[in-house]
Amino acid sequence: LLLLHLQKIEQQSIQLHENLSRLAKVGTGAKAASGNNEAGREVDFDLIHKQTQQLYQMEEELNHEVKTLQTRIQQSARNHIIQEFGEGPVQVILELDFGNNDNSNNAAGRPNKISILLWHDTPHAAWTWLEQIGRNIWDGAEFQWKQGHIIDAIPREPDPVGGKIEFVEQSHHGHEAWTVGVREADSGAMGMYINLQDNTNLHKHETCVGKVIDGFDALQRLLEVARSQRFENNTPIVVRKATAMHVTKKEGV
């Protein structure tokens, strides 16, 4: 219900912007055409001024309501995360499957895994991703290195529930190297990507949801294989299994 209300308020905000633009054009036209009609100009501009001020006031009220709703959505998401994982930081673990490119174990014979610490100040994006992980949406997600500054992954199948990022949360953490961002892919599904350099300015309108904290050997292998796939027709690199847990817990507990 909160998300539906937010979408309604945002639509009203868009309509307000359109009305303000139309009034601005009317005001400009009236000013150009009223050189020989002083009285008419005073009446027209007084009306336009009043309507404009009313719209600006409505816009401020809508912006306040949008921010209030976003805060409530974040608080709801934060409560869900605590109920599911307990107090404290949460991590996402991606077990990689390199297919016929190489075996899926590292030099020590353990599975190649990347651990991602989720930021506490982007709970809406974090909970949306965690919900999808809980529904196994990210099992089988394919990694692709289409852009040099990031490597991204998108689920193979759409989320039957339609989970997506409803608004961009501003984190205290920028899109620095090894941080993880989420955004809506061209297909409409939610995708994630790992920043390979400081992309703070480039992705400032997208949510930075966490950072890689472990599994850099697996990440290095991922980049090496993904680079070779640009020239060879190899099996895609996929997420064999995506899981989430409290940072202090050990795997298998």
# chains A, B, ... in the order shown; residues from 1 in each chain; ligands from 1

call {"tool": "select_by_dssp", "arguments": {"residues": "range 82-221 of chain A", "states": "alpha helix (DSSP H)", "output": "PDB file with N, CA, C and O atoms, in the first residue's frame"}}
result
ATOM      1  N   ILE A  82      15.685  -7.063  10.067  1.00  0.00           N
ATOM      2  CA  ILE A  82      15.979  -7.443  11.452  1.00  0.00           C
ATOM      3  C   ILE A  82      15.208  -8.693  11.845  1.00  0.00           C
ATOM      4  O   ILE A  82      15.750  -9.595  12.504  1.00  0.00           O
ATOM      5  N   GLN A  83      13.950  -8.776  11.436  1.00  0.00           N
ATOM      6  CA  GLN A  83      13.150  -9.962  11.741  1.00  0.00           C
ATOM      7  C   GLN A  83      13.726 -11.220  11.098  1.00  0.00           C
ATOM      8  O   GLN A  83      13.679 -12.309  11.672  1.00  0.00           O
ATOM      9  N   GLU A  84      14.276 -11.049   9.905  1.00  0.00           N
ATOM     10  CA  GLU A  84      14.778 -12.200   9.155  1.00  0.00           C
ATOM     11  C   GLU A  84      16.188 -12.605   9.585  1.00  0.00           C
ATOM     12  O   GLU A  84      16.501 -13.793   9.680  1.00  0.00           O
ATOM     13  N   PHE A  85      17.050 -11.613   9.847  1.00  0.00           N
ATOM     14  CA  PHE A  85      18.461 -11.908  10.089  1.00  0.00           C
ATOM     15  C   PHE A  85      18.958 -11.471  11.465  1.00  0.00           C
ATOM     16  O   PHE A  85      20.088 -11.798  11.835  1.00  0.00           O
ATOM     17  N   PRO A 123      18.135   0.360   3.050  1.00  0.00           N
ATOM     18  CA  PRO A 123      17.376  -0.846   3.408  1.00  0.00           C
ATOM     19  C   PRO A 123      16.341  -1.266   2.377  1.00  0.00           C
ATOM     20  O   PRO A 123      16.055  -2.460   2.242  1.00  0.00           O
ATOM     21  N   HIS A 124      15.751  -0.310   1.651  1.00  0.00           N
ATOM     22  CA  HIS A 124      14.738  -0.675   0.655  1.00  0.00           C
ATOM     23  C   HIS A 124      15.356  -1.519  -0.454  1.00  0.00           C
ATOM     24  O   HIS A 124      14.838  -2.591  -0.807  1.00  0.00           O
ATOM     25  N   ALA A 125      16.482  -1.065  -1.000  1.00  0.00           N
ATOM     26  CA  ALA A 125      17.160  -1.831  -2.043  1.00  0.00           C
ATOM     27  C   ALA A 125      17.672  -3.156  -1.494  1.00  0.00           C
ATOM     28  O   ALA A 125      17.566  -4.205  -2.152  1.00  0.00           O
ATOM     29  N   ALA A 126      18.233  -3.117  -0.275  1.00  0.00           N
ATOM     30  CA  ALA A 126      18.772  -4.338   0.324  1.00  0.00           C
ATOM     31  C   ALA A 126      17.677  -5.383   0.527  1.00  0.00           C
ATOM     32  O   ALA A 126      17.852  -6.557   0.178  1.00  0.00           O
ATOM     33  N   TRP A 127      16.538  -4.961   1.078  1.00  0.00           N
ATOM     34  CA  TRP A 127      15.471  -5.925   1.346  1.00  0.00           C
ATOM     35  C   TRP A 127      14.853  -6.442   0.044  1.00  0.00           C
ATOM     36  O   TRP A 127      14.481  -7.615  -0.047  1.00  0.00           O
ATOM     37  N   THR A 128      14.743  -5.591  -0.964  1.00  0.00           N
ATOM     38  CA  THR A 128      14.232  -6.052  -2.266  1.00  0.00           C
ATOM     39  C   THR A 128      15.129  -7.149  -2.818  1.00  0.00           C
ATOM     40  O   THR A 128      14.640  -8.183  -3.315  1.00  0.00           O
ATOM     41  N   TRP A 129      16.444  -6.947  -2.721  1.00  0.00           N
ATOM     42  CA  TRP A 129      17.396  -7.958  -3.202  1.00  0.00           C
ATOM     43  C   TRP A 129      17.338  -9.215  -2.333  1.00  0.00           C
ATOM     44  O   TRP A 129      17.327 -10.340  -2.848  1.00  0.00           O
ATOM     45  N   LEU A 130      17.285  -9.030  -1.030  1.00  0.00           N
ATOM     46  CA  LEU A 130      17.241 -10.179  -0.117  1.00  0.00           C
ATOM     47  C   LEU A 130      15.978 -11.016  -0.328  1.00  0.00           C
ATOM     48  O   LEU A 130      16.023 -12.252  -0.262  1.00  0.00           O
ATOM     49  N   GLU A 131      14.864 -10.349  -0.586  1.00  0.00           N
ATOM     50  CA  GLU A 131      13.626 -11.086  -0.864  1.00  0.00           C
ATOM     51  C   GLU A 131      13.775 -11.947  -2.116  1.00  0.00           C
ATOM     52  O   GLU A 131      13.342 -13.105  -2.155  1.00  0.00           O
ATOM     53  N   GLN A 132      14.386 -11.374  -3.147  1.00  0.00           N
ATOM     54  CA  GLN A 132      14.582 -12.132  -4.389  1.00  0.00           C
ATOM     55  C   GLN A 132      15.534 -13.302  -4.163  1.00  0.00           C
ATOM     56  O   GLN A 132      15.322 -14.397  -4.703  1.00  0.00           O
ATOM     57  N   ILE A 133      16.567 -13.098  -3.373  1.00  0.00           N
ATOM     58  CA  ILE A 133      17.497 -14.179  -3.054  1.00  0.00           C
ATOM     59  C   ILE A 133      16.756 -15.292  -2.313  1.00  0.00           C
ATOM     60  O   ILE A 133      16.969 -16.478  -2.577  1.00  0.00           O
ATOM     61  N   GLY A 134      15.884 -14.916  -1.384  1.00  0.00           N
ATOM     62  CA  GLY A 134      15.103 -15.900  -0.641  1.00  0.00           C
ATOM     63  C   GLY A 134      14.168 -16.700  -1.528  1.00  0.00           C
ATOM     64  O   GLY A 134      13.835 -17.851  -1.219  1.00  0.00           O
ATOM     65  N   PHE A 216      37.954 -12.013  -3.065  1.00  0.00           N
ATOM     66  CA  PHE A 216      38.580 -11.245  -4.136  1.00  0.00           C
ATOM     67  C   PHE A 216      39.316 -12.151  -5.128  1.00  0.00           C
ATOM     68  O   PHE A 216      39.487 -11.784  -6.288  1.00  0.00           O
ATOM     69  N   ASP A 217      39.731 -13.335  -4.664  1.00  0.00           N
ATOM     70  CA  ASP A 217      40.328 -14.283  -5.602  1.00  0.00           C
ATOM     71  C   ASP A 217      39.282 -14.779  -6.588  1.00  0.00           C
ATOM     72  O   ASP A 217      39.554 -14.931  -7.793  1.00  0.00           O
ATOM     73  N   ALA A 218      38.063 -15.022  -6.103  1.00  0.00           N
ATOM     74  CA  ALA A 218      36.980 -15.434  -6.986  1.00  0.00           C
ATOM     75  C   ALA A 218      36.591 -14.303  -7.926  1.00  0.00           C
ATOM     76  O   ALA A 218      36.288 -14.531  -9.105  1.00  0.00           O
ATOM     77  N   LEU A 219      36.599 -13.079  -7.411  1.00  0.00           N
ATOM     78  CA  LEU A 219      36.286 -11.925  -8.247  1.00  0.00           C
ATOM     79  C   LEU A 219      37.324 -11.748  -9.343  1.00  0.00           C
ATOM     80  O   LEU A 219      36.989 -11.458 -10.505  1.00  0.00           O
ATOM     81  N   GLN A 220      38.606 -11.940  -9.001  1.00  0.00           N
ATOM     82  CA  GLN A 220      39.667 -11.840  -9.994  1.00  0.00           C
ATOM     83  C   GLN A 220      39.489 -12.896 -11.083  1.00  0.00           C
ATOM     84  O   GLN A 220      39.641 -12.618 -12.272  1.00  0.00           O
ATOM     85  N   ARG A 221      39.156 -14.121 -10.666  1.00  0.00           N
ATOM     86  CA  ARG A 221      38.920 -15.191 -11.631  1.00  0.00           C
ATOM     87  C   ARG A 221      37.711 -14.866 -12.513  1.00  0.00           C
ATOM     88  O   ARG A 221      37.727 -15.127 -13.721  1.00  0.00           O
TER      89      ARG A 221
END

call {"tool": "residues_around", "arguments": {"residues": "Leu223 in chain A", "least_positions_apart": "5", "cutoff": "12 Å", "atoms": "only C-alpha atoms", "output": "list in words"}}
result
Leu96, Phe98, Phe143, Gln144, Trp145, Lys146, Gln147, Gly148, His149, Ile150, Ile151, Asp152, Ile194, Asn195, Leu196, Phe216, Asp217, Ala218, Ser228, Gln229, Arg230 and Ile237 of chain A

call {"tool": "select_by_dssp", "arguments": {"residues": "range 117-243 of chain A", "states": "strand (DSSP E)", "output": "PyMOL selection string"}}
result
chain A and resi 117-118+142-147+150-154+179-184+190-195+207-214+237-243

call {"tool": "atom_distance", "arguments": {"atom1": "CA of Lys211 in chain A", "atom2": "CA of Thr122 in chain A"}}
result
12.3 Å

call {"tool": "residues_around", "arguments": {"residues": "Glu176 in chain A", "least_positions_apart": "6", "cutoff": "7 Å", "atoms": "only C-alpha atoms", "output": "list in words"}}
result
Asn195, Gln197, Asp198, Asn199 and Thr200 of chain A

call {"tool": "write_last_selection", "arguments": {"atoms": "all heavy atoms", "output": "PDB file, in the first residue's frame"}}
result
ATOM      1  N   ASN A 195      31.233  -2.402  -9.093  1.00  0.00           N
ATOM      2  CA  ASN A 195      32.047  -1.307  -9.630  1.00  0.00           C
ATOM      3  C   ASN A 195      33.520  -1.712  -9.633  1.00  0.00           C
ATOM      4  O   ASN A 195      34.054  -2.126  -8.598  1.00  0.00           O
ATOM      5  CB  ASN A 195      31.848  -0.048  -8.790  1.00  0.00           C
ATOM      6  CG  ASN A 195      30.470   0.559  -8.959  1.00  0.00           C
ATOM      7  OD1 ASN A 195      30.121   1.051 -10.020  1.00  0.00           O
ATOM      8  ND2 ASN A 195      29.673   0.516  -7.897  1.00  0.00           N
ATOM      9  N   GLN A 197      35.898   0.429 -10.579  1.00  0.00           N
ATOM     10  CA  GLN A 197      36.645   1.664 -10.355  1.00  0.00           C
ATOM     11  C   GLN A 197      35.705   2.621  -9.620  1.00  0.00           C
ATOM     12  O   GLN A 197      34.569   2.271  -9.305  1.00  0.00           O
ATOM     13  CB  GLN A 197      37.086   2.270 -11.689  1.00  0.00           C
ATOM     14  CG  GLN A 197      35.911   2.668 -12.575  1.00  0.00           C
ATOM     15  CD  GLN A 197      36.325   3.219 -13.919  1.00  0.00           C
ATOM     16  OE1 GLN A 197      37.298   2.752 -14.499  1.00  0.00           O
ATOM     17  NE2 GLN A 197      35.596   4.196 -14.426  1.00  0.00           N
ATOM     18  N   ASP A 198      36.177   3.824  -9.338  1.00  0.00           N
ATOM     19  CA  ASP A 198      35.322   4.813  -8.687  1.00  0.00           C
ATOM     20  C   ASP A 198      34.337   5.365  -9.721  1.00  0.00           C
ATOM     21  O   ASP A 198      34.701   6.139 -10.597  1.00  0.00           O
ATOM     22  CB  ASP A 198      36.178   5.943  -8.108  1.00  0.00           C
ATOM     23  CG  ASP A 198      35.367   6.887  -7.224  1.00  0.00           C
ATOM     24  OD1 ASP A 198      34.114   6.857  -7.324  1.00  0.00           O
ATOM     25  OD2 ASP A 198      35.964   7.654  -6.453  1.00  0.00           O
ATOM     26  N   ASN A 199      33.079   4.950  -9.603  1.00  0.00           N
ATOM     27  CA  ASN A 199      32.026   5.383 -10.524  1.00  0.00           C
ATOM     28  C   ASN A 199      30.997   6.280  -9.829  1.00  0.00           C
ATOM     29  O   ASN A 199      29.837   6.327 -10.242  1.00  0.00           O
ATOM     30  CB  ASN A 199      31.307   4.157 -11.107  1.00  0.00           C
ATOM     31  CG  ASN A 199      32.226   3.300 -11.949  1.00  0.00           C
ATOM     32  OD1 ASN A 199      33.016   3.797 -12.740  1.00  0.00           O
ATOM     33  ND2 ASN A 199      32.122   1.985 -11.782  1.00  0.00           N
ATOM     34  N   THR A 200      31.422   6.980  -8.780  1.00  0.00           N
ATOM     35  CA  THR A 200      30.493   7.773  -7.984  1.00  0.00           C
ATOM     36  C   THR A 200      29.727   8.781  -8.825  1.00  0.00           C
ATOM     37  O   THR A 200      28.498   8.901  -8.712  1.00  0.00           O
ATOM     38  CB  THR A 200      31.244   8.496  -6.856  1.00  0.00           C
ATOM     39  OG1 THR A 200      31.861   7.521  -5.998  1.00  0.00           O
ATOM     40  CG2 THR A 200      30.286   9.341  -6.024  1.00  0.00           C
TER      41      THR A 200
END

call {"tool": "closest_atom_pairs", "arguments": {"of": "range 128-173 of chain A", "to": "range 111-121 of chain A", "cutoff": "10 Å", "atoms": "only C-alpha atoms", "output": "JSON lines"}}
result
{"residue": "A:Leu130", "atom": "CA", "partner": "A:Leu118", "partner_atom": "CA", "distance": 9.9}
{"residue": "A:Glu169", "atom": "CA", "partner": "A:Asp121", "partner_atom": "CA", "distance": 7.9}
{"residue": "A:Gln170", "atom": "CA", "partner": "A:Asp121", "partner_atom": "CA", "distance": 7.9}
{"residue": "A:Ser171", "atom": "CA", "partner": "A:Asp121", "partner_atom": "CA", "distance": 5.8}
{"residue": "A:His172", "atom": "CA", "partner": "A:Asp121", "partner_atom": "CA", "distance": 7.5}
{"residue": "A:His173", "atom": "CA", "partner": "A:Trp119", "partner_atom": "CA", "distance": 8.2}

call {"tool": "atom_distance", "arguments": {"atom1": "CA of Glu18 in chain A", "atom2": "CA of Val168 in chain A"}}
result
22.3 Å

call {"tool": "closest_residue", "arguments": {"among": "A:Pro158, A:Pro236, A:Gly99, A:Gly88", "to": "Ala189 in chain A", "atoms": "only C-alpha atoms"}}
result
A:Pro158

call {"tool": "atom_distance", "arguments": {"atom1": "CA of Phe167 in chain A", "atom2": "CA of Ala141 in chain A"}}
result
23.1 Å

call {"tool": "decode", "arguments": {"residues": "range 170-237 of chain A", "atoms": "C-alpha atoms", "output": "PDB file, in the first residue's frame"}}
result
ATOM      1  CA  GLN A 170      21.255   7.984  -1.232  1.00  0.00           C
ATOM      2  CA  SER A 171      23.959   6.204   0.721  1.00  0.00           C
ATOM      3  CA  HIS A 172      26.855   7.785   2.592  1.00  0.00           C
ATOM      4  CA  HIS A 173      28.982   5.422   0.521  1.00  0.00           C
ATOM      5  CA  GLY A 174      29.663   6.318  -3.091  1.00  0.00           C
ATOM      6  CA  HIS A 175      30.040   3.942  -6.023  1.00  0.00           C
ATOM      7  CA  GLU A 176      33.730   3.383  -5.300  1.00  0.00           C
ATOM      8  CA  ALA A 177      35.771   0.424  -6.496  1.00  0.00           C
ATOM      9  CA  TRP A 178      34.414  -2.967  -5.330  1.00  0.00           C
ATOM     10  CA  THR A 179      31.087  -1.510  -4.208  1.00  0.00           C
ATOM     11  CA  VAL A 180      27.862  -3.047  -5.490  1.00  0.00           C
ATOM     12  CA  GLY A 181      25.021  -1.187  -7.142  1.00  0.00           C
ATOM     13  CA  VAL A 182      21.495  -2.185  -8.116  1.00  0.00           C
ATOM     14  CA  ARG A 183      19.325  -0.787 -10.887  1.00  0.00           C
ATOM     15  CA  GLU A 184      16.533  -1.666 -13.272  1.00  0.00           C
ATOM     16  CA  ALA A 185      17.795  -3.501 -16.351  1.00  0.00           C
ATOM     17  CA  ASP A 186      16.506  -2.939 -19.883  1.00  0.00           C
ATOM     18  CA  SER A 187      14.298  -6.004 -19.445  1.00  0.00           C
ATOM     19  CA  GLY A 188      12.622  -4.401 -16.432  1.00  0.00           C
ATOM     20  CA  ALA A 189      14.209  -6.854 -13.990  1.00  0.00           C
ATOM     21  CA  MET A 190      16.400  -5.719 -11.121  1.00  0.00           C
ATOM     22  CA  GLY A 191      20.086  -6.156 -11.882  1.00  0.00           C
ATOM     23  CA  MET A 192      23.227  -5.792  -9.781  1.00  0.00           C
ATOM     24  CA  TYR A 193      26.750  -4.777 -10.708  1.00  0.00           C
ATOM     25  CA  ILE A 194      30.179  -4.583  -9.150  1.00  0.00           C
ATOM     26  CA  ASN A 195      32.047  -1.307  -9.630  1.00  0.00           C
ATOM     27  CA  LEU A 196      35.576  -1.945 -10.891  1.00  0.00           C
ATOM     28  CA  GLN A 197      36.645   1.664 -10.355  1.00  0.00           C
ATOM     29  CA  ASP A 198      35.322   4.813  -8.687  1.00  0.00           C
ATOM     30  CA  ASN A 199      32.026   5.383 -10.524  1.00  0.00           C
ATOM     31  CA  THR A 200      30.493   7.773  -7.984  1.00  0.00           C
ATOM     32  CA  ASN A 201      29.741  10.502 -10.517  1.00  0.00           C
ATOM     33  CA  LEU A 202      28.710   8.094 -13.261  1.00  0.00           C
ATOM     34  CA  HIS A 203      26.194   6.165 -11.115  1.00  0.00           C
ATOM     35  CA  LYS A 204      25.096   8.868  -8.676  1.00  0.00           C
ATOM     36  CA  HIS A 205      21.457   8.325  -9.688  1.00  0.00           C
ATOM     37  CA  GLU A 206      21.584   4.606  -8.824  1.00  0.00           C
ATOM     38  CA  THR A 207      21.563   2.919  -5.416  1.00  0.00           C
ATOM     39  CA  CYS A 208      24.855   1.700  -3.958  1.00  0.00           C
ATOM     40  CA  VAL A 209      23.731  -1.236  -1.810  1.00  0.00           C
ATOM     41  CA  GLY A 210      26.968  -2.721  -0.456  1.00  0.00           C
ATOM     42  CA  LYS A 211      30.608  -3.670  -0.971  1.00  0.00           C
ATOM     43  CA  VAL A 212      32.631  -6.802  -1.661  1.00  0.00           C
ATOM     44  CA  ILE A 213      34.378  -7.776   1.588  1.00  0.00           C
ATOM     45  CA  ASP A 214      35.646 -11.278   0.782  1.00  0.00           C
ATOM     46  CA  GLY A 215      36.295 -13.545  -2.168  1.00  0.00           C
ATOM     47  CA  PHE A 216      38.580 -11.245  -4.136  1.00  0.00           C
ATOM     48  CA  ASP A 217      40.328 -14.283  -5.602  1.00  0.00           C
ATOM     49  CA  ALA A 218      36.980 -15.434  -6.986  1.00  0.00           C
ATOM     50  CA  LEU A 219      36.286 -11.925  -8.247  1.00  0.00           C
ATOM     51  CA  GLN A 220      39.667 -11.840  -9.994  1.00  0.00           C
ATOM     52  CA  ARG A 221      38.920 -15.191 -11.631  1.00  0.00           C
ATOM     53  CA  LEU A 222      35.492 -13.885 -12.649  1.00  0.00           C
ATOM     54  CA  LEU A 223      37.073 -10.915 -14.418  1.00  0.00           C
ATOM     55  CA  GLU A 224      39.690 -13.075 -16.141  1.00  0.00           C
ATOM     56  CA  VAL A 225      37.115 -15.511 -17.515  1.00  0.00           C
ATOM     57  CA  ALA A 226      34.676 -12.736 -18.436  1.00  0.00           C
ATOM     58  CA  ARG A 227      37.440 -10.963 -20.358  1.00  0.00           C
ATOM     59  CA  SER A 228      38.262 -14.115 -22.320  1.00  0.00           C
ATOM     60  CA  GLN A 229      34.591 -14.537 -23.211  1.00  0.00           C
ATOM     61  CA  ARG A 230      34.800 -11.451 -25.357  1.00  0.00           C
ATOM     62  CA  PHE A 231      36.897 -13.455 -27.795  1.00  0.00           C
ATOM     63  CA  GLU A 232      35.788 -17.027 -27.136  1.00  0.00           C
ATOM     64  CA  ASN A 233      32.386 -18.709 -27.110  1.00  0.00           C
ATOM     65  CA  ASN A 234      32.506 -20.242 -23.640  1.00  0.00           C
ATOM     66  CA  THR A 235      29.797 -21.276 -21.222  1.00  0.00           C
ATOM     67  CA  PRO A 236      28.395 -18.242 -19.344  1.00  0.00           C
ATOM     68  CA  ILE A 237      29.533 -17.533 -15.793  1.00  0.00           C
TER      69      ILE A 237
END
